[in-house]
Amino acid sequence: MMSEAINITPTAVSADTETDTRPVRIQYGTVKMRLPRLDDSTQLPIELLTTGLSVVARGWDNLTQNERIDVLAVILAYLQREYPLLGRELDKSGDKIADLGAIINAWGTYGNTDPKA
């Protein structure tokens, strides 16, 4: 039995300032979002990394309906935390789920609906 804790030092964050840490720019209504690339774990918050790993591990098509809803809820919670006015814009939508899906799809494909965002 080990009596001492194993000390693991976090990896260093790159000091490369030329790289845009939030290169995905999306505008939804009046809300301009600058989001981290989903394939860059150095920039993703832990809640998105966790939910993303569950999707990658099982595949979207293999998730149950409840698991899919959970994934979308995590993404929506993150977006609302980062962009509080997003909820107001979504409230104007005729199909909130479809619009949220469009945002996530654009984000996942590095969509940039507003180059000035």
# chains A, B, ... in the order shown; residues from 1 in each chain; ligands from 1
>>> residues_around(residues="A:Gly29", least_positions_apart="2", cutoff="10 Å", atoms="only C-alpha atoms", output="VMD selection string")
chain A and resid 26 to 27 31 to 32 85 to 86 88 to 90 92 to 93
>>> write_last_selection(atoms="C-alpha atoms", output="PDB file, in the first residue's frame")
ATOM      1  CA  ILE A  26     -20.766  32.392 -34.742  1.00  0.00           C
ATOM      2  CA  GLN A  27     -23.468  35.012 -34.664  1.00  0.00           C
ATOM      3  CA  VAL A  31     -25.302  37.422 -29.988  1.00  0.00           C
ATOM      4  CA  LYS A  32     -21.752  37.223 -31.311  1.00  0.00           C
ATOM      5  CA  LEU A  85     -28.139  37.029 -23.937  1.00  0.00           C
ATOM      6  CA  LEU A  86     -28.342  33.807 -25.958  1.00  0.00           C
ATOM      7  CA  ARG A  88     -33.257  35.911 -25.082  1.00  0.00           C
ATOM      8  CA  GLU A  89     -32.393  35.242 -28.715  1.00  0.00           C
ATOM      9  CA  LEU A  90     -33.475  31.598 -28.437  1.00  0.00           C
ATOM     10  CA  LYS A  92     -37.492  34.590 -30.162  1.00  0.00           C
ATOM     11  CA  SER A  93     -37.086  31.358 -32.131  1.00  0.00           C
TER      12      SER A  93
END
>>> select_by_dssp(residues="stretch 5-113 of chain A", states="alpha helix (DSSP H)", output="count of residues only")
50
>>> closest_residue(among="A:Ile97, A:Val13, A:Leu38, A:Ile8", to="A:Tyr110", atoms="only C-alpha atoms")
A:Leu38
>>> closest_residue(among="A:Asn105, A:Thr30, A:Thr42, A:Thr51", to="A:Leu63", atoms="only C-alpha atoms")
A:Thr51
>>> residues_around(residues="A:Ile75", least_positions_apart="3", cutoff="10 Å", atoms="only C-alpha atoms", output="list in words")
Glu47, Leu48, Thr51, Gly52, Ile69, Asp70, Val71, Leu72, Tyr78, Leu79, Gln80, Arg81, Leu100 and Ile104 of chain A
>>> write_last_selection(atoms="all heavy atoms", output="short mmCIF file (atom, residue, chain, number, x, y, z; two decimals), in the first residue's frame")
data_model
loop_
_atom_site.label_atom_id
_atom_site.label_comp_id
_atom_site.auth_asym_id
_atom_site.auth_seq_id
_atom_site.Cartn_x
_atom_site.Cartn_y
_atom_site.Cartn_z
N GLU A 47 -16.45 20.70 -18.47
CA GLU A 47 -17.78 20.14 -18.69
C GLU A 47 -17.99 19.77 -20.16
O GLU A 47 -18.62 18.76 -20.47
CB GLU A 47 -18.90 21.07 -18.19
CG GLU A 47 -19.00 22.41 -18.88
CD GLU A 47 -18.20 23.53 -18.22
OE1 GLU A 47 -17.21 23.26 -17.53
OE2 GLU A 47 -18.59 24.69 -18.41
N LEU A 48 -17.44 20.56 -21.08
CA LEU A 48 -17.55 20.22 -22.50
C LEU A 48 -16.65 19.05 -22.86
O LEU A 48 -17.02 18.20 -23.67
CB LEU A 48 -17.22 21.42 -23.38
CG LEU A 48 -18.23 22.55 -23.37
CD1 LEU A 48 -17.79 23.65 -24.34
CD2 LEU A 48 -19.61 22.06 -23.73
N THR A 51 -18.52 15.81 -21.53
CA THR A 51 -19.65 15.40 -22.36
C THR A 51 -19.19 14.98 -23.75
O THR A 51 -19.72 14.04 -24.34
CB THR A 51 -20.75 16.48 -22.41
OG1 THR A 51 -21.95 15.88 -22.84
CG2 THR A 51 -20.40 17.64 -23.30
N GLY A 52 -18.18 15.65 -24.27
CA GLY A 52 -17.65 15.28 -25.58
C GLY A 52 -17.03 13.91 -25.59
O GLY A 52 -17.20 13.13 -26.55
N ILE A 69 -30.10 14.16 -24.86
CA ILE A 69 -30.65 15.35 -24.20
C ILE A 69 -29.66 15.87 -23.16
O ILE A 69 -29.46 17.09 -23.05
CB ILE A 69 -32.03 15.04 -23.58
CG1 ILE A 69 -33.05 14.83 -24.70
CG2 ILE A 69 -32.47 16.16 -22.64
CD1 ILE A 69 -34.38 14.27 -24.23
N ASP A 70 -29.03 14.97 -22.43
CA ASP A 70 -28.03 15.38 -21.43
C ASP A 70 -26.87 16.12 -22.09
O ASP A 70 -26.40 17.14 -21.57
CB ASP A 70 -27.50 14.17 -20.66
CG ASP A 70 -28.54 13.56 -19.73
OD1 ASP A 70 -29.57 14.22 -19.46
OD2 ASP A 70 -28.31 12.42 -19.27
N VAL A 71 -26.39 15.61 -23.22
CA VAL A 71 -25.29 16.26 -23.94
C VAL A 71 -25.71 17.66 -24.39
O VAL A 71 -24.99 18.64 -24.18
CB VAL A 71 -24.84 15.41 -25.15
CG1 VAL A 71 -23.91 16.20 -26.06
CG2 VAL A 71 -24.17 14.13 -24.68
N LEU A 72 -26.89 17.76 -24.97
CA LEU A 72 -27.37 19.07 -25.42
C LEU A 72 -27.57 20.03 -24.25
O LEU A 72 -27.30 21.22 -24.37
CB LEU A 72 -28.67 18.91 -26.21
CG LEU A 72 -28.53 18.22 -27.56
CD1 LEU A 72 -29.90 18.00 -28.19
CD2 LEU A 72 -27.62 19.00 -28.48
N TYR A 78 -23.43 25.65 -21.02
CA TYR A 78 -22.16 26.33 -21.26
C TYR A 78 -22.38 27.59 -22.08
O TYR A 78 -21.87 28.67 -21.74
CB TYR A 78 -21.17 25.39 -21.98
CG TYR A 78 -19.97 26.13 -22.51
CD1 TYR A 78 -18.95 26.53 -21.66
CD2 TYR A 78 -19.87 26.45 -23.86
CE1 TYR A 78 -17.85 27.23 -22.14
CE2 TYR A 78 -18.78 27.15 -24.35
CZ TYR A 78 -17.77 27.53 -23.49
OH TYR A 78 -16.70 28.24 -23.97
N LEU A 79 -23.15 27.47 -23.18
CA LEU A 79 -23.39 28.63 -24.03
C LEU A 79 -24.11 29.74 -23.28
O LEU A 79 -23.80 30.92 -23.43
CB LEU A 79 -24.19 28.22 -25.27
CG LEU A 79 -23.44 27.38 -26.30
CD1 LEU A 79 -24.40 26.90 -27.39
CD2 LEU A 79 -22.28 28.16 -26.91
N GLN A 80 -25.07 29.38 -22.44
CA GLN A 80 -25.80 30.39 -21.66
C GLN A 80 -24.90 31.05 -20.62
O GLN A 80 -25.03 32.24 -20.35
CB GLN A 80 -27.01 29.78 -20.98
CG GLN A 80 -28.14 29.52 -21.94
CD GLN A 80 -29.37 29.03 -21.21
OE1 GLN A 80 -29.39 27.94 -20.68
NE2 GLN A 80 -30.39 29.86 -21.18
N ARG A 81 -23.99 30.28 -20.04
CA ARG A 81 -23.06 30.86 -19.07
C ARG A 81 -22.13 31.85 -19.76
O ARG A 81 -21.89 32.94 -19.25
CB ARG A 81 -22.24 29.75 -18.40
CG ARG A 81 -21.29 30.30 -17.32
CD ARG A 81 -20.38 29.27 -16.77
NE ARG A 81 -19.34 28.97 -17.75
CZ ARG A 81 -18.66 27.85 -17.81
NH1 ARG A 81 -18.91 26.89 -16.95
NH2 ARG A 81 -17.73 27.67 -18.71
N LEU A 100 -30.65 25.61 -31.84
CA LEU A 100 -29.53 25.15 -31.03
C LEU A 100 -28.71 24.13 -31.82
O LEU A 100 -27.47 24.17 -31.82
CB LEU A 100 -30.02 24.53 -29.71
CG LEU A 100 -28.95 24.02 -28.76
CD1 LEU A 100 -27.96 25.12 -28.38
CD2 LEU A 100 -29.58 23.42 -27.52
N ILE A 104 -24.72 24.34 -32.76
CA ILE A 104 -23.78 23.27 -32.45
C ILE A 104 -23.15 22.73 -33.72
O ILE A 104 -21.94 22.47 -33.77
CB ILE A 104 -24.47 22.16 -31.64
CG1 ILE A 104 -24.89 22.69 -30.26
CG2 ILE A 104 -23.56 20.94 -31.50
CD1 ILE A 104 -25.81 21.78 -29.49
#
>>> select_by_dssp(residues="chain A", states="strand (DSSP E or B)", output="list in words")
Val24, Arg25, Ile26, Gln27, Tyr28, Val31, Lys32, Met33, Arg34 and Leu35 of chain A
>>> atom_distance(atom1="atom CA of A:Pro10", atom2="atom CA of A:Leu49")
16.2 Å
>>> atom_distance(atom1="atom CA of A:Arg25", atom2="atom CA of A:Asn66")
29.2 Å
>>> closest_residue(among="A:Arg34, A:Val74, A:Asn7, A:Gly108", to="A:Thr50", atoms="only C-alpha atoms")
A:Val74
>>> atom_distance(atom1="atom CA of A:Thr11", atom2="atom CA of A:Val56")
23.0 Å
